[in-house]
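Shown next: protein.txt, given as compact mmCIF, C-alpha atoms.
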```txt
# COMPACT_ATOMS: atom_id res chain seq x y z
CA GLY A 1 -6.04 -85.94 26.60
CA LEU A 2 -3.10 -87.46 24.85
CA CYS A 3 -2.06 -86.01 21.56
CA PRO A 4 -2.78 -88.52 18.74
CA PRO A 5 0.30 -89.28 16.62
CA LYS A 6 0.37 -87.51 13.27
CA ASN A 7 2.43 -88.05 10.14
CA TYR A 8 4.38 -85.17 8.59
CA ALA A 9 6.85 -85.18 5.72
CA ILE A 10 8.84 -83.12 3.30
CA LEU A 11 7.36 -83.37 -0.20
CA GLY A 12 9.72 -82.76 -3.09
CA HIS A 13 11.91 -84.51 -5.63
CA ASN A 14 15.60 -85.42 -5.20
CA ILE A 15 15.42 -84.46 -1.54
CA ALA A 16 17.84 -86.97 -0.03
CA TYR A 17 19.96 -83.96 1.02
CA SER A 18 17.15 -82.34 3.05
CA VAL A 19 17.83 -81.65 6.72
CA SER A 20 14.11 -81.09 7.48
CA PRO A 21 13.45 -84.64 8.80
CA GLN A 22 16.27 -84.38 11.36
CA MET A 23 15.14 -80.89 12.36
CA HIS A 24 11.44 -81.63 12.79
CA ASN A 25 11.88 -85.05 14.40
CA ALA A 26 14.22 -83.49 16.96
CA ALA A 27 11.59 -80.82 17.62
CA PHE A 28 8.81 -83.40 18.12
CA LYS A 29 11.04 -85.43 20.44
CA THR A 30 12.01 -82.39 22.53
CA THR A 31 8.38 -81.35 22.98
CA SER A 32 7.31 -84.97 23.70
CA LEU A 33 4.97 -85.03 20.71
CA PRO A 34 4.38 -88.51 19.24
CA HIS A 35 4.58 -87.34 15.61
CA VAL A 36 6.79 -88.73 12.85
CA TYR A 37 8.34 -86.73 9.99
CA SER A 38 9.56 -88.52 6.86
CA ARG A 39 10.45 -87.86 3.20
CA LEU A 40 8.07 -88.09 0.26
CA ASP A 41 10.19 -88.04 -2.86
CA VAL A 42 7.96 -88.05 -5.93
CA GLU A 43 8.23 -86.70 -9.44
CA ASP A 44 4.52 -86.01 -9.67
CA VAL A 45 2.30 -84.53 -6.95
CA GLU A 46 -0.63 -86.71 -8.10
CA GLU A 47 1.20 -89.77 -6.72
CA ILE A 48 0.81 -88.32 -3.23
CA ILE A 49 -2.77 -87.11 -3.58
CA SER A 50 -3.98 -90.58 -4.48
CA GLY A 51 -1.65 -92.30 -2.01
CA GLU A 52 -1.95 -93.60 1.52
CA PHE A 53 -0.02 -90.84 3.31
CA TRP A 54 -2.32 -88.04 2.12
CA ASN A 55 -5.52 -90.00 2.76
CA ASP A 56 -4.64 -91.45 6.15
CA GLU A 57 -6.41 -89.90 9.12
CA ARG A 58 -3.02 -89.43 10.78
CA PHE A 59 -1.92 -87.01 8.02
CA GLY A 60 -0.85 -83.85 9.89
CA GLY A 61 0.88 -81.73 7.29
CA LEU A 62 3.78 -81.25 4.88
CA SER A 63 6.80 -79.13 4.19
CA VAL A 64 6.83 -78.63 0.43
CA THR A 65 9.95 -78.00 -1.61
CA ILE A 66 11.05 -77.89 -5.23
CA PRO A 67 9.48 -78.80 -7.65
CA HIS A 68 6.06 -79.03 -5.95
CA LYS A 69 5.48 -75.63 -4.32
CA GLN A 70 3.08 -74.56 -7.08
CA ASN A 71 1.69 -77.97 -8.15
CA ILE A 72 0.35 -78.65 -4.67
CA MET A 73 -1.83 -75.53 -4.59
CA PRO A 74 -4.89 -76.79 -6.52
CA HIS A 75 -5.18 -79.66 -4.01
CA LEU A 76 -5.61 -77.38 -0.99
CA ASP A 77 -8.80 -75.87 0.43
CA ILE A 78 -7.61 -72.55 1.85
CA LEU A 79 -4.51 -70.48 1.07
CA SER A 80 -2.98 -67.83 3.34
CA ASP A 81 -2.46 -64.30 2.03
CA ALA A 82 1.29 -64.91 1.91
CA ALA A 83 0.85 -68.10 -0.13
CA LYS A 84 -1.47 -66.30 -2.56
CA GLU A 85 0.83 -63.30 -3.03
CA ILE A 86 4.05 -65.25 -3.26
CA GLY A 87 2.31 -67.78 -5.47
CA SER A 88 3.71 -70.87 -3.78
CA VAL A 89 3.11 -73.07 -0.75
CA ASN A 90 5.88 -74.51 1.40
CA THR A 91 3.63 -75.59 4.29
CA VAL A 92 0.48 -77.72 4.33
CA ILE A 93 -1.52 -77.80 7.57
CA VAL A 94 -4.28 -80.37 8.06
CA LYS A 95 -7.08 -79.31 10.40
CA ASP A 96 -10.30 -80.99 11.43
CA GLU A 97 -13.02 -78.37 11.55
CA VAL A 98 -16.77 -78.12 11.78
CA ILE A 99 -17.56 -76.46 8.46
CA GLU A 100 -21.32 -76.24 8.68
CA GLU A 101 -23.55 -76.95 11.61
CA VAL A 102 -24.68 -80.16 9.95
CA ASP A 103 -24.75 -82.77 12.71
CA ASP A 104 -21.42 -81.22 13.86
CA GLU A 105 -19.36 -83.55 11.70
CA LEU A 106 -15.65 -82.75 11.62
CA THR A 107 -14.36 -82.15 8.11
CA ARG A 108 -10.74 -82.29 7.09
CA VAL A 109 -9.54 -78.93 5.81
CA LEU A 110 -6.19 -78.52 4.05
CA TYR A 111 -4.48 -75.16 4.55
CA GLY A 112 -1.60 -73.91 2.41
CA ASP A 113 0.82 -71.35 3.81
CA ASN A 114 4.23 -69.95 2.97
CA THR A 115 6.87 -69.55 5.69
CA ASP A 116 9.80 -69.04 3.29
CA TRP A 117 9.33 -65.28 3.55
CA ILE A 118 9.53 -65.50 7.36
CA GLY A 119 12.83 -67.35 6.98
CA ILE A 120 14.09 -64.34 5.02
CA HIS A 121 12.39 -61.61 7.07
CA LYS A 122 13.49 -62.67 10.57
CA PRO A 123 17.27 -62.89 10.01
CA ILE A 124 17.33 -59.53 8.21
CA SER A 125 15.18 -57.82 10.79
CA ARG A 126 17.48 -59.16 13.55
CA ARG A 127 20.56 -57.73 11.85
CA MET A 128 18.97 -54.44 10.87
CA GLY A 129 17.98 -54.08 14.50
CA SER A 130 16.60 -50.69 15.35
CA SER A 131 18.40 -49.01 12.45
CA SER A 132 15.53 -47.50 10.57
CA VAL A 133 14.88 -48.07 6.90
CA GLU A 134 15.49 -44.39 6.29
CA GLY A 135 19.18 -43.69 6.89
CA GLU A 136 21.28 -40.59 6.49
CA ASN A 137 24.29 -40.51 4.22
CA LYS A 138 27.51 -38.76 5.15
CA ASP A 139 26.11 -35.43 3.94
CA GLY A 140 23.13 -35.80 6.24
CA GLN A 141 20.65 -36.44 3.41
CA GLN A 142 17.78 -38.86 3.94
CA GLN A 143 18.25 -42.10 2.01
CA ARG A 144 15.73 -44.79 1.16
CA GLY A 145 16.71 -48.26 2.32
CA CYS A 146 16.67 -50.73 -0.57
CA ALA A 147 16.88 -54.50 -0.94
CA LEU A 148 18.62 -55.83 -4.04
CA ILE A 149 17.07 -59.17 -5.01
CA LEU A 150 19.04 -61.47 -7.32
CA GLY A 151 17.35 -64.27 -9.25
CA GLY A 152 13.81 -64.78 -10.51
CA GLY A 153 12.28 -67.96 -9.10
CA GLY A 154 9.89 -68.72 -6.25
CA THR A 155 12.42 -67.83 -3.55
CA ALA A 156 12.95 -64.42 -5.16
CA ARG A 157 9.19 -63.88 -4.85
CA ALA A 158 9.34 -64.75 -1.13
CA ALA A 159 12.32 -62.37 -0.81
CA ALA A 160 10.36 -59.55 -2.46
CA TYR A 161 7.41 -60.16 -0.13
CA ALA A 162 9.75 -60.14 2.91
CA ALA A 163 11.54 -56.97 1.75
CA ALA A 164 8.20 -55.19 1.33
CA LYS A 165 7.21 -56.24 4.88
CA LEU A 166 10.53 -54.80 6.12
CA GLY A 167 9.67 -51.49 4.48
CA LEU A 168 12.58 -51.70 2.02
CA ASP A 169 12.31 -50.55 -1.59
CA ARG A 170 12.84 -53.49 -3.94
CA ILE A 171 15.38 -53.52 -6.75
CA TYR A 172 15.58 -56.65 -8.92
CA TYR A 173 18.40 -57.95 -11.04
CA ASN A 174 18.30 -61.04 -13.22
CA ARG A 175 20.17 -62.08 -16.32
CA THR A 176 16.75 -62.67 -17.86
CA PRO A 177 15.25 -59.16 -17.56
CA SER A 178 11.69 -60.36 -18.17
CA LYS A 179 11.81 -62.32 -14.90
CA ALA A 180 12.95 -59.23 -12.99
CA GLU A 181 10.18 -57.21 -14.68
CA GLU A 182 7.63 -59.77 -13.55
CA LEU A 183 8.79 -59.43 -9.93
CA ALA A 184 8.62 -55.63 -10.14
CA ASN A 185 5.09 -55.82 -11.55
CA THR A 186 3.91 -58.15 -8.79
CA PHE A 187 5.66 -56.77 -5.72
CA GLY A 188 6.52 -53.22 -6.75
CA GLY A 189 10.03 -51.88 -7.19
CA ASP A 190 12.59 -51.26 -9.91
CA VAL A 191 14.67 -53.37 -12.27
CA ALA A 192 18.41 -52.75 -12.52
CA SER A 193 19.73 -53.29 -16.05
CA ASP A 194 23.15 -54.17 -14.63
CA LEU A 195 24.97 -53.99 -11.29
CA GLU A 196 27.36 -51.22 -12.27
CA ASP A 197 26.07 -47.96 -13.79
CA GLY A 198 22.53 -49.27 -14.16
CA LEU A 199 22.16 -49.90 -10.44
CA GLY A 200 24.25 -46.86 -9.52
CA SER A 201 22.09 -44.42 -11.46
CA LEU A 202 18.91 -46.05 -10.11
CA LEU A 203 20.14 -45.48 -6.54
CA ASP A 204 21.14 -41.88 -7.29
CA GLU A 205 17.75 -41.23 -8.85
CA LYS A 206 15.81 -42.43 -5.82
CA ASN A 207 18.45 -41.36 -3.27
CA GLY A 208 18.55 -44.94 -2.08
CA GLU A 209 21.14 -47.17 -0.48
CA ILE A 210 21.34 -50.93 -0.54
CA LYS A 211 20.72 -52.20 2.99
CA VAL A 212 20.38 -55.86 2.02
CA VAL A 213 21.32 -58.06 -0.90
CA ILE A 214 19.30 -61.29 -1.14
CA SER A 215 20.74 -63.78 -3.60
CA THR A 216 18.48 -66.65 -4.67
CA LEU A 217 20.96 -67.71 -7.37
CA PRO A 218 22.23 -71.32 -7.32
CA ALA A 219 25.59 -71.78 -5.55
CA ALA A 220 26.94 -73.25 -8.78
CA ALA A 221 26.51 -69.86 -10.47
CA GLU A 222 29.53 -68.74 -8.36
CA PHE A 223 28.13 -65.24 -8.39
CA GLU A 224 30.02 -62.31 -6.85
CA LEU A 225 28.98 -58.68 -6.40
CA PRO A 226 30.83 -55.78 -8.00
CA ALA A 227 33.40 -54.46 -5.49
CA TRP A 228 31.85 -50.98 -5.29
CA MET A 229 28.80 -52.38 -3.55
CA LEU A 230 30.81 -53.74 -0.64
CA ASP A 231 33.41 -51.08 0.03
CA GLY A 232 32.27 -48.57 2.62
CA SER A 233 33.79 -45.63 0.76
CA SER A 234 30.66 -44.47 -1.04
CA SER A 235 28.27 -42.04 0.63
CA ARG A 236 26.63 -44.94 2.43
CA SER A 237 26.10 -45.15 6.15
CA THR A 238 26.67 -48.90 6.58
CA LYS A 239 27.72 -51.91 4.56
CA PRO A 240 24.86 -54.04 3.23
CA ILE A 241 23.74 -57.30 4.83
CA ILE A 242 24.43 -60.13 2.37
CA PHE A 243 21.89 -62.98 2.41
CA ASP A 244 22.54 -66.15 0.37
CA VAL A 245 19.61 -68.57 0.42
CA ASN A 246 21.82 -71.61 -0.27
CA TYR A 247 22.55 -73.78 2.73
CA LYS A 248 24.91 -76.19 1.02
CA PRO A 249 27.76 -75.41 0.47
CA TYR A 250 28.13 -73.52 3.76
CA ASN A 251 30.36 -70.96 2.06
CA THR A 252 29.39 -69.75 -1.39
CA LYS A 253 31.63 -67.44 -3.38
CA LEU A 254 29.30 -64.56 -2.53
CA LEU A 255 29.42 -65.24 1.23
CA LEU A 256 33.22 -65.48 1.25
CA GLN A 257 33.42 -62.20 -0.65
CA ALA A 258 30.98 -60.55 1.78
CA GLU A 259 32.76 -61.78 4.91
CA LYS A 260 36.09 -60.61 3.55
CA ALA A 261 34.57 -57.16 2.98
CA GLY A 262 33.30 -57.09 6.57
CA CYS A 263 29.60 -57.33 5.73
CA ALA A 264 27.08 -59.05 7.99
CA VAL A 265 26.03 -62.29 6.27
CA VAL A 266 23.02 -64.58 6.45
CA ARG A 267 23.26 -68.18 5.25
CA GLY A 268 20.47 -70.37 3.93
CA SER A 269 20.83 -72.54 7.04
CA GLU A 270 19.34 -69.73 9.12
CA MET A 271 16.46 -69.34 6.68
CA LEU A 272 15.94 -73.12 6.95
CA TRP A 273 15.52 -73.22 10.71
CA GLU A 274 13.46 -70.01 10.82
CA GLN A 275 10.94 -71.24 8.26
CA GLY A 276 10.93 -74.62 10.04
CA VAL A 277 10.19 -73.02 13.42
CA SER A 278 7.18 -71.28 11.83
CA GLN A 279 6.03 -74.57 10.28
CA PHE A 280 6.25 -76.40 13.60
CA GLU A 281 4.14 -73.70 15.28
CA LEU A 282 1.52 -73.74 12.51
CA TRP A 283 1.21 -77.54 12.80
CA THR A 284 1.21 -77.91 16.57
CA GLY A 285 -0.01 -74.59 17.96
CA ARG A 286 2.95 -74.72 20.37
CA THR A 287 6.13 -72.74 20.75
CA ALA A 288 8.89 -74.44 18.77
CA PRO A 289 12.10 -75.56 20.53
CA TYR A 290 14.09 -72.92 18.67
CA LYS A 291 17.58 -73.79 19.88
CA VAL A 292 17.13 -77.51 19.24
CA MET A 293 16.02 -76.89 15.64
CA LYS A 294 18.81 -74.39 15.03
CA ASP A 295 21.45 -76.76 16.45
CA VAL A 296 20.31 -79.69 14.31
CA VAL A 297 20.50 -77.58 11.16
CA LEU A 298 23.96 -76.24 12.01
CA GLU A 299 25.20 -79.72 12.90
CA ASN A 300 24.19 -80.81 9.39
CA CYS A 301 25.35 -77.68 7.56
CA LEU A 302 28.61 -76.65 9.19
CA PRO A 303 31.60 -77.79 7.19
CA LYS A 304 33.26 -80.82 8.77
CA GLU A 305 36.91 -80.48 9.70
CA GLU A 306 38.03 -82.75 6.85
CA ASP A 307 36.35 -80.47 4.29
CA HIS A 308 38.97 -77.77 4.77
```

Full structure transcribed into structure tokens:
Amino acid sequence: GLCPPKNYAILGHNIAYSVSPQMHNAAFKTTSLPHVYSRLDVEDVEEIISGEFWNDERFGGLSVTIPHKQNIMPHLDILSDAAKEIGSVNTVIVKDEVIEEVDDELTRVLYGDNTDWIGIHKPISRRMGSSSVEGENKDGQQQRGCALILGGGGTARAAAYAAAKLGLDRIYYNRTPSKAEELANTFGGDVASDLEDGLGSLLDEKNGEIKVVISTLPAAAEFELPAWMLDGSSSRSTKPIIFDVNYKPYNTKLLLQAEKAGCAVVRGSEMLWEQGVSQFELWTGRTAPYKVMKDVVLENCLPKEEDH
């Protein structure tokens, strides 16, 4: 039979900048699905719950972004393990299911999932390749692979979850130490008091090396890493992968610093299409048109010539 058209949207506030509608509509078009993906920009989640979009039988699902990733949770029926552990939902999937064998009525069930962590996990795992988490330093000693996670919000939680799945030890740094402590308590790992001696002594203690740095700090923070972390002169086997979750601007201060130092970098644009590919597959049960989604994101994120 023909696939009935469904309505999808990104739910957030101040989301005019979002590239998700272009990405998902291109994906639906490529796979000849009759669905439509729009924007729902509201200050308060309640406006949606009582509104037409949510209550229409064509409601298929949502991408959820700031500030609604937590507020949406009480309105959902079932949460995935990832959503529970990370403590936020970025994907709502609407399914019609027979709950009880009562005259086989279909009941609408709202699922909450989190694909942000997949958007962090996949790019890192691609770049780490077959290099194992345990590396050897120049003296042939075994070293523990570590992920340094900067920032303390919801994306930092997804980063911690992804790093744990990659088998990396977590080290957290935040200017507000209590936020870093909270991450360590939830996801396991250590808190660095600073990124010089504090981090250095922590690495010595556990014989660890930083394989990946994941920054969830706003681009406006203009954060840069201390030079010692990027020069290959220490006892480390390879330079760390530097992941910045921002997708606009295309080049943050951190990314420019990392590229100059010859580190592999991951931009937020890659996280965006990876988490979007997972969303598409959760909604439709089909393989996402990966290249189409990637190309749409890059088209919207790459700096235009006149920006130089």

Open item on the list: Please report the interatomic distance between CA of Gly208 in chain A and CA of Asp190 in chain A in Å with one decimal.
Closed with: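 Going from CA of Gly208 in chain A over to CA of Asp190 in chain A covers 11.7 Å.
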
TODO: Name the closest residue to His121 in chain A among the candidates A:Glu52, A:Glu274, A:Glu46, A:Glu281; distances are taken between atoms, counting all atoms listed in the file.
DONE: A:Glu274

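The protein and nucleic acid residues lying at most 10 Å from range 64-70 of chain A are Ala9, Ile10, Leu11, Gly12, His13, Asn14, Ile15, Ser18, Leu40, Val42, Glu43, Asp44, Val45, Gly61, Met73, Pro74, Ala83, Gly87, Ser88, Val89, Asn90, Thr91, Val92, Gly112, Asn114 and Gly154 of chain A, with all atoms listed in the file considered and sequence neighbours fewer than 3 positions away removed.
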
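From CA of Gln275 in chain A back to CA of Lys95 in chain A, the distance works out to 19.9 Å.
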
Task: Surrounding residues of Asp231 in chain A excluding itself and chain neighbours under 5 positions, 12 Å, all atoms listed in the file, as JSON, numbers by chain - done: {"A": [225, 226, 236, 237, 238, 239, 240, 257, 258, 259, 260, 261, 262, 263]}

TODO: Quote the spacing between CA of Tyr37 in chain A and CA of Gln279 in chain A in Å to one decimal place.
DONE: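 Computing the Euclidean distance for CA of Tyr37 in chain A and CA of Gln279 in chain A yields 12.4 Å.
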
Residues of range 152-197 of chain A that have any atom at most 10 Å from an atom of range 125-130 of chain A: could you tabulate them with the shortest-distance atom pair and the distance in Å to one decimal, using only C-alpha atoms, ordered by chain and increasing number, as a Markdown table?
```
| residue | atom | partner | partner_atom | distance |
| --- | --- | --- | --- | --- |
| A:Ala162 | CA | A:Ser125 | CA | 9.8 |
| A:Ala163 | CA | A:Ser125 | CA | 9.8 |
| A:Leu166 | CA | A:Ser125 | CA | 7.2 |
```

Open item on the list: Show me, as a list in words, the residues that have an atom within 10 Å of Thr155 in chain A when counting only C-alpha atoms, minus same-chain residues fewer than 2 positions from it.
Closed with: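 Once the nearby chain positions are removed, what remains is Ile86, Ser88, Asp116, Trp117, Ile120, Ile149, Leu150, Gly151, Gly152, Gly153, Arg157, Ala158, Ala159, Ala160, Tyr161, Ile214, Ser215, Thr216, Leu217 and Val245 of chain A.
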
Task: Counting only C-alpha atoms, the residue of A:Lys253, A:Arg170, A:Arg267, A:Lys248 that sits nearest Gly145 in chain A - done: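 Counting only C-alpha atoms, the residue closest to Gly145 in chain A is A:Arg170.
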
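All protein and nucleic acid residues in the vicinity of (-1.1, -86.0, 8.7), that is within 6 Å when counting only C-alpha atoms, are Lys6, Asn7, Tyr8, Arg58, Phe59, Gly60 and Gly61 of chain A.
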
Open item on the list: Which residues are near Val109 in chain A? Cut-off 7 Å, all atoms listed in the file, ignore same chain within fewer than 3 positions. Put them as a list in words.
Closed with: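 Returned residues: Asp77, Val94, Lys95, Asp96 and Glu97 of chain A.
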
Might I get the box with edges along x, y and z of the file that holds all atoms of range 268-277 of chain A listed there, padded by 6 Å on every side, given as centre and edge lengths in Å to one decimal, as AutoDock Vina command-line options?
```
--center_x 15.5 --center_y -72.0 --center_z 8.7 --size_x 22.6 --size_y 17.3 --size_z 21.5
```

Task: Neighbour list for Ile241 in chain A as a list in words, cut-off 6 Å, all atoms listed in the file, skip fewer than 3 positions in-chain - done: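 So, after excluding close chain neighbours, the residues are Val212, Cys263, Ala264 and Val265 of chain A.
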
Output C-alpha atoms for every residue in the selection just made, as an mmCIF file, in the coordinates of the input.
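Dumped to selection_35.cif:
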```
data_model
loop_
_atom_site.group_PDB
_atom_site.id
_atom_site.type_symbol
_atom_site.label_atom_id
_atom_site.label_comp_id
_atom_site.auth_asym_id
_atom_site.auth_seq_id
_atom_site.Cartn_x
_atom_site.Cartn_y
_atom_site.Cartn_z
ATOM 1 C CA VAL A 212 20.380 -55.860 2.020
ATOM 2 C CA CYS A 263 29.600 -57.330 5.730
ATOM 3 C CA ALA A 264 27.080 -59.050 7.990
ATOM 4 C CA VAL A 265 26.030 -62.290 6.270
#
```

- [ ] Rank A:Arg175, A:Lys294, A:Arg286, A:Lys304 by their smallest atom-to-atom distance to Ala26 in chain A, using all atoms listed in the file, and report the top residue only.
- [x] A:Lys294

TODO: Check the smallest atom-to-atom distance from each of A:Leu202, A:Cys3, A:Gln22, A:Glu105 to Asp295 in chain A using only C-alpha atoms, then report the winner.
DONE: A:Gln22

- [ ] Tell me which of A:Arg108, A:Glu85, A:Ile124, A:Ala227 sits closest to Asn55 in chain A, counting all atoms listed in the file.
- [x] A:Arg108

Task: Using all atoms listed in the file: which of A:Gln143, A:Val296, A:Leu79, A:Leu62 has the shortest distance to Glu205 in chain A - done: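 Of A:Gln143, A:Val296, A:Leu79, A:Leu62, the one nearest Glu205 in chain A, counting all atoms listed in the file, is A:Gln143.
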